[in-house]
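Trainee: start.cif (mmCIF, C-alpha atoms) pasted underneath:
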```cif
data_upload
loop_
_atom_site.label_atom_id
_atom_site.label_comp_id
_atom_site.auth_asym_id
_atom_site.auth_seq_id
_atom_site.Cartn_x
_atom_site.Cartn_y
_atom_site.Cartn_z
CA GLY A 1308 114.74 35.70 117.18
CA LYS A 1309 114.06 37.48 120.41
CA ASN A 1310 112.29 40.82 120.20
CA HIS A 1311 113.97 43.29 122.50
CA LEU A 1312 112.54 46.80 122.05
CA GLY A 1313 115.09 47.55 124.76
CA SER A 1314 114.71 51.34 124.79
CA LEU A 1315 110.92 51.08 125.09
CA THR A 1316 110.62 48.19 127.54
CA ASP A 1317 110.52 50.37 130.68
CA VAL A 1318 107.89 52.65 129.14
CA LEU A 1319 105.76 49.64 128.16
CA ARG A 1320 106.16 48.18 131.67
CA LYS A 1321 104.75 51.40 133.17
CA MET A 1322 101.84 51.34 130.73
CA VAL A 1323 101.13 47.67 131.50
CA LYS A 1324 101.18 48.42 135.24
CA ALA A 1325 98.49 51.09 134.78
CA SER A 1326 96.42 49.05 132.28
CA SER A 1327 93.01 47.49 132.80
CA ASN A 1328 92.67 43.70 132.76
CA ASN A 1329 90.63 44.01 129.55
CA LEU A 1330 93.56 45.70 127.79
CA LEU A 1331 96.03 43.11 129.08
CA ASN A 1332 93.77 40.25 128.02
CA LYS A 1333 93.54 41.79 124.56
CA TYR A 1334 97.27 42.44 123.98
CA GLY A 1335 99.06 40.35 126.62
CA SER A 1336 99.95 37.47 124.29
CA GLU A 1337 102.24 39.83 122.33
CA LEU A 1338 103.38 42.10 125.20
CA VAL A 1339 104.62 39.03 127.11
CA LYS A 1340 107.27 38.63 124.37
CA ILE A 1341 108.70 42.02 125.38
CA ILE A 1342 107.88 41.83 129.11
CA PRO A 1343 108.42 38.13 130.00
CA GLU A 1344 107.41 38.54 133.66
CA LEU A 1345 103.78 38.96 132.54
CA ARG A 1346 103.77 35.18 132.12
CA PHE A 1347 104.29 34.69 135.85
CA LEU A 1348 102.51 37.78 137.21
CA LYS A 1349 99.38 37.53 135.09
CA GLY A 1350 99.52 33.97 133.74
CA ILE A 1351 99.70 35.24 130.15
CA SER A 1352 101.07 32.90 127.47
CA PRO A 1353 102.71 34.14 124.27
CA SER A 1354 100.85 33.65 120.98
CA PRO A 1355 102.14 30.90 118.66
CA LYS A 1356 105.17 31.98 116.61
CA LEU A 1357 104.79 33.00 112.98
CA SER A 1358 107.54 33.18 110.35
CA LYS A 1359 110.21 35.78 111.18
CA GLU A 1360 108.87 38.83 109.28
CA LYS A 1361 105.20 38.07 110.02
CA GLU A 1362 106.05 37.57 113.70
CA LYS A 1363 107.81 40.95 113.83
CA LEU A 1364 104.96 42.71 112.02
CA ARG A 1365 102.34 41.22 114.35
CA LEU A 1366 104.37 42.23 117.42
CA TYR A 1367 104.74 45.83 116.18
CA ASP A 1368 101.08 46.02 115.14
CA ARG A 1369 99.74 44.74 118.48
CA THR A 1370 102.21 46.85 120.52
CA ALA A 1371 101.26 49.98 118.57
CA SER A 1372 97.54 49.23 119.04
CA PHE A 1373 98.10 48.66 122.78
CA ILE A 1374 99.85 52.06 123.09
CA GLU A 1375 97.05 53.76 121.11
CA GLU A 1376 94.32 52.22 123.26
CA PHE A 1377 96.22 52.96 126.46
CA ILE A 1378 96.75 56.62 125.51
CA GLN A 1379 93.33 57.14 123.89
CA GLU A 1380 92.83 60.90 123.65
CA ASN A 1381 95.45 61.87 126.25
CA PRO A 1382 98.52 63.60 124.76
CA THR A 1383 101.56 61.56 125.88
CA TYR A 1384 105.30 61.82 125.37
CA ILE A 1385 108.06 59.21 125.50
CA ILE A 1386 111.70 60.26 125.93
CA ILE A 1387 114.45 58.01 124.59
CA ASP A 1388 117.87 59.22 125.68
CA ASN A 1389 121.04 58.12 123.86
CA PHE A 1390 118.99 56.68 121.01
CA HIS A 1391 122.25 55.73 119.26
CA ASN A 1392 122.50 52.85 121.79
CA SER A 1393 119.06 51.48 120.88
CA ASP A 1394 118.69 48.00 119.40
CA LYS A 1395 117.42 47.42 115.86
CA ASP A 1396 113.97 46.31 117.13
CA THR A 1397 113.39 49.73 118.71
CA LEU A 1398 114.48 51.48 115.53
CA ASP A 1399 112.21 49.28 113.39
CA PHE A 1400 109.26 49.73 115.76
CA ILE A 1401 109.55 53.54 115.67
CA ASN A 1402 109.74 53.29 111.89
CA TYR A 1403 106.50 51.28 112.00
CA ALA A 1404 104.88 53.73 114.45
CA LEU A 1405 105.69 56.75 112.26
CA LYS A 1406 103.87 55.13 109.35
CA ASN A 1407 100.94 53.62 111.25
CA MET A 1408 100.20 55.70 114.38
CA LYS A 1409 99.52 59.04 112.70
CA LYS A 1410 96.32 59.81 114.61
CA CYS A 1411 97.71 58.89 118.03
CA PRO A 1412 98.51 61.92 120.27
CA LEU A 1413 101.98 60.57 121.02
CA LEU A 1414 105.22 62.56 120.95
CA ILE A 1415 108.50 60.60 120.88
CA ILE A 1416 111.57 62.64 121.83
CA ALA A 1417 114.77 60.81 120.90
CA SER A 1418 118.22 62.28 121.44
CA TYR A 1419 121.20 60.75 119.68
CA ASN A 1420 124.78 61.37 118.65
CA PRO A 1421 125.04 60.84 114.86
CA TYR A 1422 128.70 59.83 115.23
CA LYS A 1423 127.78 56.98 117.58
CA LEU A 1424 125.17 55.23 115.44
CA TYR A 1425 125.98 51.53 115.10
CA SER A 1426 125.65 51.25 111.34
CA SER A 1427 125.08 53.17 108.14
CA GLU A 1428 121.73 51.33 108.01
CA ASP A 1429 120.64 53.04 111.25
CA ASP A 1430 121.87 56.36 109.92
CA LYS A 1431 119.89 55.83 106.70
CA ALA A 1432 116.70 54.91 108.62
CA ILE A 1433 116.92 58.02 110.82
CA SER A 1434 117.66 60.22 107.79
CA GLU A 1435 114.52 58.87 106.12
CA TRP A 1436 112.43 59.87 109.15
CA ASN A 1437 113.19 63.50 108.36
CA GLU A 1438 111.03 63.14 105.26
CA PHE A 1439 107.96 62.49 107.43
CA GLU A 1440 105.81 65.55 107.99
CA CYS A 1441 105.41 64.66 111.68
CA VAL A 1442 109.18 64.52 112.35
CA LYS A 1443 111.15 67.56 113.46
CA LYS A 1444 114.94 67.37 113.67
CA MET A 1445 116.71 69.73 116.07
CA LYS A 1446 120.41 70.10 116.61
CA ILE A 1447 121.12 70.50 120.31
CA THR A 1448 123.77 73.13 120.91
CA ARG A 1449 125.68 73.85 124.10
CA LEU A 1450 124.00 76.18 126.56
CA ASP A 1451 125.30 79.70 127.17
CA LEU A 1452 125.53 81.32 130.61
CA ASP A 1453 121.99 82.70 130.56
CA GLU A 1454 120.52 79.36 129.43
CA ILE A 1455 122.41 77.49 132.16
CA GLY A 1456 120.95 79.96 134.67
CA GLU A 1457 117.47 79.27 133.27
CA MET A 1458 118.02 75.50 133.45
CA VAL A 1459 119.26 75.62 137.08
CA LYS A 1460 116.33 77.90 137.99
CA TYR A 1461 113.90 75.37 136.51
CA ILE A 1462 115.52 72.26 138.06
CA LEU A 1463 115.83 73.77 141.55
CA GLY A 1464 112.43 75.46 141.37
CA ILE A 1465 113.77 78.90 142.37
CA SER A 1466 112.58 82.34 141.26
CA TYR A 1467 115.91 83.68 139.96
CA LYS A 1468 118.85 82.65 137.77
CA PRO A 1469 121.89 81.91 140.01
CA LEU A 1470 124.44 83.48 137.67
CA LYS A 1471 127.59 83.09 139.82
CA PHE A 1472 126.83 79.40 140.29
CA SER A 1473 126.06 79.17 136.55
CA VAL A 1474 129.52 80.57 135.73
CA VAL A 1475 131.07 77.67 137.69
CA LEU A 1476 128.81 75.17 135.90
CA LEU A 1477 129.68 76.64 132.49
CA LYS A 1478 133.39 76.33 133.23
CA GLU A 1479 132.98 72.74 134.43
CA THR A 1480 130.49 71.40 131.86
CA LEU A 1481 131.14 73.63 128.81
CA GLY A 1482 127.37 74.03 128.55
CA ASN A 1483 126.51 70.35 128.05
CA PRO A 1484 122.88 70.07 129.38
CA ARG A 1485 123.17 66.38 130.26
CA TYR A 1486 126.39 66.98 132.19
CA ILE A 1487 124.87 69.97 134.05
CA GLU A 1488 122.01 67.75 135.21
CA TYR A 1489 124.50 65.07 136.30
CA VAL A 1490 126.63 67.62 138.24
CA LEU A 1491 123.56 69.03 140.06
CA LYS A 1492 122.37 65.54 141.03
CA ASP A 1493 125.85 64.64 142.23
CA LEU A 1494 126.32 67.85 144.25
CA TYR A 1495 122.97 67.18 145.93
CA ALA A 1496 123.81 63.51 146.60
CA MET A 1497 127.12 64.53 148.23
CA GLY A 1498 125.47 67.22 150.34
CA GLU A 1499 127.42 70.00 148.61
CA LEU A 1500 124.09 71.41 147.42
CA TYR A 1501 121.37 71.21 150.08
CA ILE A 1502 118.12 72.74 151.29
CA SER A 1503 118.59 74.75 154.49
CA ASP A 1504 116.22 74.66 157.47
CA ASP A 1505 114.47 77.79 156.19
CA GLY A 1506 113.72 76.07 152.87
CA PHE A 1507 116.33 77.71 150.60
CA TRP A 1508 118.95 76.08 148.40
CA ASN A 1509 122.50 76.50 149.75
CA LEU A 1510 126.02 75.48 148.86
CA LYS A 1511 128.34 74.01 151.47
CA ALA A 1512 131.39 75.78 149.96
CA LYS A 1513 132.03 79.31 151.25
CA ASN A 1514 133.26 80.50 147.83
CA TYR A 1515 132.14 79.42 144.40
CA SER A 1516 135.74 78.55 143.53
CA GLU A 1517 135.78 76.02 146.37
CA ILE A 1518 132.80 73.99 145.11
CA TYR A 1519 133.80 70.34 144.89
CA MET A 1520 132.93 69.16 141.40
CA PRO A 1521 132.27 65.42 140.84
#
```
Since I need it in another form, could you write the structure as structure tokens?

Mentor:
Amino acid sequence: GKNHLGSLTDVLRKMVKASSNNLLNKYGSELVKIIPELRFLKGISPSPKLSKEKEKLRLYDRTASFIEEFIQENPTYIIIDNFHNSDKDTLDFINYALKNMKKCPLLIIASYNPYKLYSSEDDKAISEWNEFECVKKMKITRLDLDEIGEMVKYILGISYKPLKFSVVLLKETLGNPRYIEYVLKDLYAMGELYISDDGFWNLKAKNYSEIYMP
């Protein structure tokens, strides 16, 4: 079957782009199965197929080794958003990585909604990860007014917490961090939130109650 590793493909593409030819020559015959364009861009051919389980194990082993060699001693993090939408290959690969990449300075941050997992099998696999010493499970709660202010301060790069604006965001988003980020991006894209000529963030609306929310 086709190996997807859908949630990790973009990350691997970025790593491949920044890799040396030596690294690509070493691991390309497996990476091309995840990133098919390598065949045309670099003239890399996939290695001969093995039986299903052996093929999968070799792909995971070579991909993990590629990531380790690419990272070397540099602490690196990978963020996988909406992990509940990930394919089984990604889930299985992370399972493999947890068991076999213990010395690699890699942090994987995966956010997921337990109610949206595809199967009880996925749920079981993720539950088992909690038994690993290197895994930390955190329940993400909704942000309060002060935390929204802190988040907006950080995103906009300002020196204060805009509390009146945060009140509007709290009312609109109910403290959902992902939604807050989406609203800020949208307000900026629509010109409702803009940087003035003197370099300060401004809102087009005269009153906070008049802010157009996407």

Trainee: Assuming the chain letters and numbering stay as they are in my file, what does the PyMOL selection byres ((chain A and resi 1336-1348) around 8) actually select? List them as a PyMOL selection string.

Mentor: chain A and resi 1309-1312+1316+1320+1332-1335+1349-1354+1366+1369-1370

Trainee: Just checking: using only C-alpha atoms, which residue out of A:Gly1482, A:Pro1382, A:Gly1313, A:Pro1355 ends up closest to Arg1449 (chain A)?

Mentor: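 So, comparing all the options, the nearest one is A:Gly1482.
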
Trainee: Show which residues sit within 9 Å of Ile1487 (chain A), as a ChimeraX atom specification. Count all atoms listed in the file, and ignore same-chain residues fewer than 6 positions away.

Mentor: /A:1455,1458-1459,1476-1477,1479-1481

Trainee: Have a look at A:Glu1380, A:Phe1373, A:Gly1506, A:Tyr1489 and name the one nearest to Asn1329 (chain A); count all atoms listed in the file.

Mentor: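 Answer, going by the shortest atom-to-atom distance: A:Phe1373.
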
Trainee: Rounded to one decimal place, report the CA of Asn1381 (chain A)-CA of Asn1402 (chain A) distance in Å.

Mentor: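 Going from CA of Asn1381 (chain A) over to CA of Asn1402 (chain A) covers 22.0 Å.
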
Trainee: Would you mind telling me which residue in A:Phe1377, A:Tyr1384, A:Tyr1419, A:Tyr1367 lies nearest to Ser1326 (chain A) when using all atoms listed in the file?

Mentor: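 Of all the options, A:Phe1377 lies closest to Ser1326 (chain A).
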
Trainee: Just give me the gap between CA of Tyr1515 (chain A) and CA of Thr1448 (chain A) in Å, one decimal is fine.

Mentor: 25.7 Å

Trainee: How far is it from CA of Ile1385 (chain A) to CA of Asn1483 (chain A), in Å with one decimal?

Mentor: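 Value for the CA of Ile1385 (chain A)-CA of Asn1483 (chain A) distance: 21.7 Å.
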
Trainee: Which residue gives the smallest distance to Tyr1486 (chain A) among A:Val1323, A:Met1520, A:Leu1413, A:Ala1432, with only C-alpha atoms counted?

Mentor: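 Checking each of A:Val1323, A:Met1520, A:Leu1413, A:Ala1432 against Tyr1486 (chain A), counting only C-alpha atoms, the winner is A:Met1520.
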
Trainee: Which residue is closest to Pro1484 (chain A)? Choose from A:Ser1516, A:Glu1438, A:Leu1452, A:Leu1470 and count all atoms listed in the file.

Mentor: A:Leu1452

Trainee: Counting all atoms listed in the file, what is within 12 Å of Ser1314 (chain A), bar same-chain residues fewer than 5 positions away, as a VMD selection string?

Mentor: chain A and resid 1319 to 1320 1341 1385 to 1401 1415 1417 to 1418

Trainee: Using C-alpha atoms, can you export the residues from the last selection as a PDB file, in the frame of the given file?

Mentor:
```pdb
ATOM      1  CA  LEU A1319     105.760  49.640 128.160  1.00  0.00           C
ATOM      2  CA  ARG A1320     106.160  48.180 131.670  1.00  0.00           C
ATOM      3  CA  ILE A1341     108.700  42.020 125.380  1.00  0.00           C
ATOM      4  CA  ILE A1385     108.060  59.210 125.500  1.00  0.00           C
ATOM      5  CA  ILE A1386     111.700  60.260 125.930  1.00  0.00           C
ATOM      6  CA  ILE A1387     114.450  58.010 124.590  1.00  0.00           C
ATOM      7  CA  ASP A1388     117.870  59.220 125.680  1.00  0.00           C
ATOM      8  CA  ASN A1389     121.040  58.120 123.860  1.00  0.00           C
ATOM      9  CA  PHE A1390     118.990  56.680 121.010  1.00  0.00           C
ATOM     10  CA  HIS A1391     122.250  55.730 119.260  1.00  0.00           C
ATOM     11  CA  ASN A1392     122.500  52.850 121.790  1.00  0.00           C
ATOM     12  CA  SER A1393     119.060  51.480 120.880  1.00  0.00           C
ATOM     13  CA  ASP A1394     118.690  48.000 119.400  1.00  0.00           C
ATOM     14  CA  LYS A1395     117.420  47.420 115.860  1.00  0.00           C
ATOM     15  CA  ASP A1396     113.970  46.310 117.130  1.00  0.00           C
ATOM     16  CA  THR A1397     113.390  49.730 118.710  1.00  0.00           C
ATOM     17  CA  LEU A1398     114.480  51.480 115.530  1.00  0.00           C
ATOM     18  CA  ASP A1399     112.210  49.280 113.390  1.00  0.00           C
ATOM     19  CA  PHE A1400     109.260  49.730 115.760  1.00  0.00           C
ATOM     20  CA  ILE A1401     109.550  53.540 115.670  1.00  0.00           C
ATOM     21  CA  ILE A1415     108.500  60.600 120.880  1.00  0.00           C
ATOM     22  CA  ALA A1417     114.770  60.810 120.900  1.00  0.00           C
ATOM     23  CA  SER A1418     118.220  62.280 121.440  1.00  0.00           C
TER      24      SER A1418
END
```

Trainee: Missing atoms in region 1346-1357 of chain A should be modelled up to all heavy atoms and reported as a PDB file, keeping the file's coordinate frame.

Mentor:
```pdb
ATOM      1  N   ARG A1346     104.128  36.608 132.134  1.00  0.00           N
ATOM      2  CA  ARG A1346     103.770  35.180 132.120  1.00  0.00           C
ATOM      3  C   ARG A1346     103.527  34.678 133.545  1.00  0.00           C
ATOM      4  O   ARG A1346     102.602  33.907 133.798  1.00  0.00           O
ATOM      5  CB  ARG A1346     104.908  34.413 131.451  1.00  0.00           C
ATOM      6  CG  ARG A1346     104.543  33.005 131.059  1.00  0.00           C
ATOM      7  CD  ARG A1346     105.618  32.393 130.192  1.00  0.00           C
ATOM      8  NE  ARG A1346     105.137  31.175 129.599  1.00  0.00           N
ATOM      9  CZ  ARG A1346     105.606  30.663 128.487  1.00  0.00           C
ATOM     10  NH1 ARG A1346     106.567  31.277 127.833  1.00  0.00           N
ATOM     11  NH2 ARG A1346     105.136  29.527 128.001  1.00  0.00           N
ATOM     12  N   PHE A1347     104.381  35.158 134.469  1.00  0.00           N
ATOM     13  CA  PHE A1347     104.290  34.690 135.850  1.00  0.00           C
ATOM     14  C   PHE A1347     103.329  35.551 136.681  1.00  0.00           C
ATOM     15  O   PHE A1347     102.586  35.047 137.501  1.00  0.00           O
ATOM     16  CB  PHE A1347     105.684  34.683 136.488  1.00  0.00           C
ATOM     17  CG  PHE A1347     106.714  34.036 135.614  1.00  0.00           C
ATOM     18  CD1 PHE A1347     107.669  34.791 134.936  1.00  0.00           C
ATOM     19  CD2 PHE A1347     106.712  32.656 135.426  1.00  0.00           C
ATOM     20  CE1 PHE A1347     108.600  34.190 134.105  1.00  0.00           C
ATOM     21  CE2 PHE A1347     107.646  32.041 134.593  1.00  0.00           C
ATOM     22  CZ  PHE A1347     108.595  32.807 133.928  1.00  0.00           C
ATOM     23  N   LEU A1348     103.352  36.864 136.424  1.00  0.00           N
ATOM     24  CA  LEU A1348     102.510  37.780 137.210  1.00  0.00           C
ATOM     25  C   LEU A1348     101.037  37.687 136.842  1.00  0.00           C
ATOM     26  O   LEU A1348     100.164  37.785 137.686  1.00  0.00           O
ATOM     27  CB  LEU A1348     102.993  39.228 137.045  1.00  0.00           C
ATOM     28  CG  LEU A1348     104.404  39.546 137.538  1.00  0.00           C
ATOM     29  CD1 LEU A1348     104.807  40.965 137.167  1.00  0.00           C
ATOM     30  CD2 LEU A1348     104.503  39.380 139.056  1.00  0.00           C
ATOM     31  N   LYS A1349     100.778  37.512 135.558  1.00  0.00           N
ATOM     32  CA  LYS A1349      99.380  37.530 135.090  1.00  0.00           C
ATOM     33  C   LYS A1349      98.944  36.229 134.427  1.00  0.00           C
ATOM     34  O   LYS A1349      97.817  36.115 133.966  1.00  0.00           O
ATOM     35  CB  LYS A1349      99.186  38.680 134.068  1.00  0.00           C
ATOM     36  CG  LYS A1349      99.490  40.066 134.612  1.00  0.00           C
ATOM     37  CD  LYS A1349      98.352  40.599 135.460  1.00  0.00           C
ATOM     38  CE  LYS A1349      98.632  42.012 135.940  1.00  0.00           C
ATOM     39  NZ  LYS A1349      97.562  42.536 136.797  1.00  0.00           N
ATOM     40  N   GLY A1350      99.863  35.258 134.361  1.00  0.00           N
ATOM     41  CA  GLY A1350      99.520  33.970 133.740  1.00  0.00           C
ATOM     42  C   GLY A1350      99.246  34.081 132.249  1.00  0.00           C
ATOM     43  O   GLY A1350      98.423  33.351 131.704  1.00  0.00           O
ATOM     44  N   ILE A1351      99.932  35.018 131.584  1.00  0.00           N
ATOM     45  CA  ILE A1351      99.700  35.240 130.150  1.00  0.00           C
ATOM     46  C   ILE A1351     100.700  34.414 129.335  1.00  0.00           C
ATOM     47  O   ILE A1351     101.901  34.450 129.593  1.00  0.00           O
ATOM     48  CB  ILE A1351      99.832  36.745 129.796  1.00  0.00           C
ATOM     49  CG1 ILE A1351      98.725  37.537 130.489  1.00  0.00           C
ATOM     50  CG2 ILE A1351      99.786  36.962 128.291  1.00  0.00           C
ATOM     51  CD1 ILE A1351      98.901  39.050 130.414  1.00  0.00           C
ATOM     52  N   SER A1352     100.197  33.688 128.352  1.00  0.00           N
ATOM     53  CA  SER A1352     101.070  32.900 127.470  1.00  0.00           C
ATOM     54  C   SER A1352     101.274  33.618 126.144  1.00  0.00           C
ATOM     55  O   SER A1352     100.356  34.272 125.649  1.00  0.00           O
ATOM     56  CB  SER A1352     100.455  31.532 127.205  1.00  0.00           C
ATOM     57  OG  SER A1352     100.336  30.827 128.413  1.00  0.00           O
ATOM     58  N   PRO A1353     102.468  33.496 125.565  1.00  0.00           N
ATOM     59  CA  PRO A1353     102.710  34.140 124.270  1.00  0.00           C
ATOM     60  C   PRO A1353     101.918  33.455 123.150  1.00  0.00           C
ATOM     61  O   PRO A1353     101.642  32.255 123.227  1.00  0.00           O
ATOM     62  CB  PRO A1353     104.211  33.982 124.053  1.00  0.00           C
ATOM     63  CG  PRO A1353     104.640  32.890 124.965  1.00  0.00           C
ATOM     64  CD  PRO A1353     103.653  32.815 126.086  1.00  0.00           C
ATOM     65  N   SER A1354     101.559  34.213 122.129  1.00  0.00           N
ATOM     66  CA  SER A1354     100.850  33.650 120.980  1.00  0.00           C
ATOM     67  C   SER A1354     101.810  32.755 120.192  1.00  0.00           C
ATOM     68  O   SER A1354     103.020  32.937 120.259  1.00  0.00           O
ATOM     69  CB  SER A1354     100.332  34.770 120.086  1.00  0.00           C
ATOM     70  OG  SER A1354     101.420  35.574 119.657  1.00  0.00           O
ATOM     71  N   PRO A1355     101.262  31.793 119.448  1.00  0.00           N
ATOM     72  CA  PRO A1355     102.140  30.900 118.660  1.00  0.00           C
ATOM     73  C   PRO A1355     102.974  31.708 117.669  1.00  0.00           C
ATOM     74  O   PRO A1355     102.506  32.693 117.104  1.00  0.00           O
ATOM     75  CB  PRO A1355     101.145  29.988 117.917  1.00  0.00           C
ATOM     76  CG  PRO A1355      99.872  30.103 118.692  1.00  0.00           C
ATOM     77  CD  PRO A1355      99.849  31.469 119.291  1.00  0.00           C
ATOM     78  N   LYS A1356     104.223  31.264 117.491  1.00  0.00           N
ATOM     79  CA  LYS A1356     105.170  31.980 116.610  1.00  0.00           C
ATOM     80  C   LYS A1356     104.737  31.886 115.147  1.00  0.00           C
ATOM     81  O   LYS A1356     104.239  30.868 114.695  1.00  0.00           O
ATOM     82  CB  LYS A1356     106.557  31.364 116.756  1.00  0.00           C
ATOM     83  CG  LYS A1356     107.332  31.909 117.950  1.00  0.00           C
ATOM     84  CD  LYS A1356     108.450  32.819 117.459  1.00  0.00           C
ATOM     85  CE  LYS A1356     109.076  33.620 118.572  1.00  0.00           C
ATOM     86  NZ  LYS A1356     110.017  32.846 119.372  1.00  0.00           N
ATOM     87  N   LEU A1357     104.982  32.976 114.433  1.00  0.00           N
ATOM     88  CA  LEU A1357     104.790  33.000 112.980  1.00  0.00           C
ATOM     89  C   LEU A1357     106.177  33.011 112.333  1.00  0.00           C
ATOM     90  O   LEU A1357     107.184  33.023 113.025  1.00  0.00           O
ATOM     91  CB  LEU A1357     104.021  34.265 112.572  1.00  0.00           C
ATOM     92  CG  LEU A1357     102.619  34.458 113.163  1.00  0.00           C
ATOM     93  CD1 LEU A1357     102.083  35.830 112.786  1.00  0.00           C
ATOM     94  CD2 LEU A1357     101.663  33.376 112.679  1.00  0.00           C
TER      95      LEU A1357
END
```
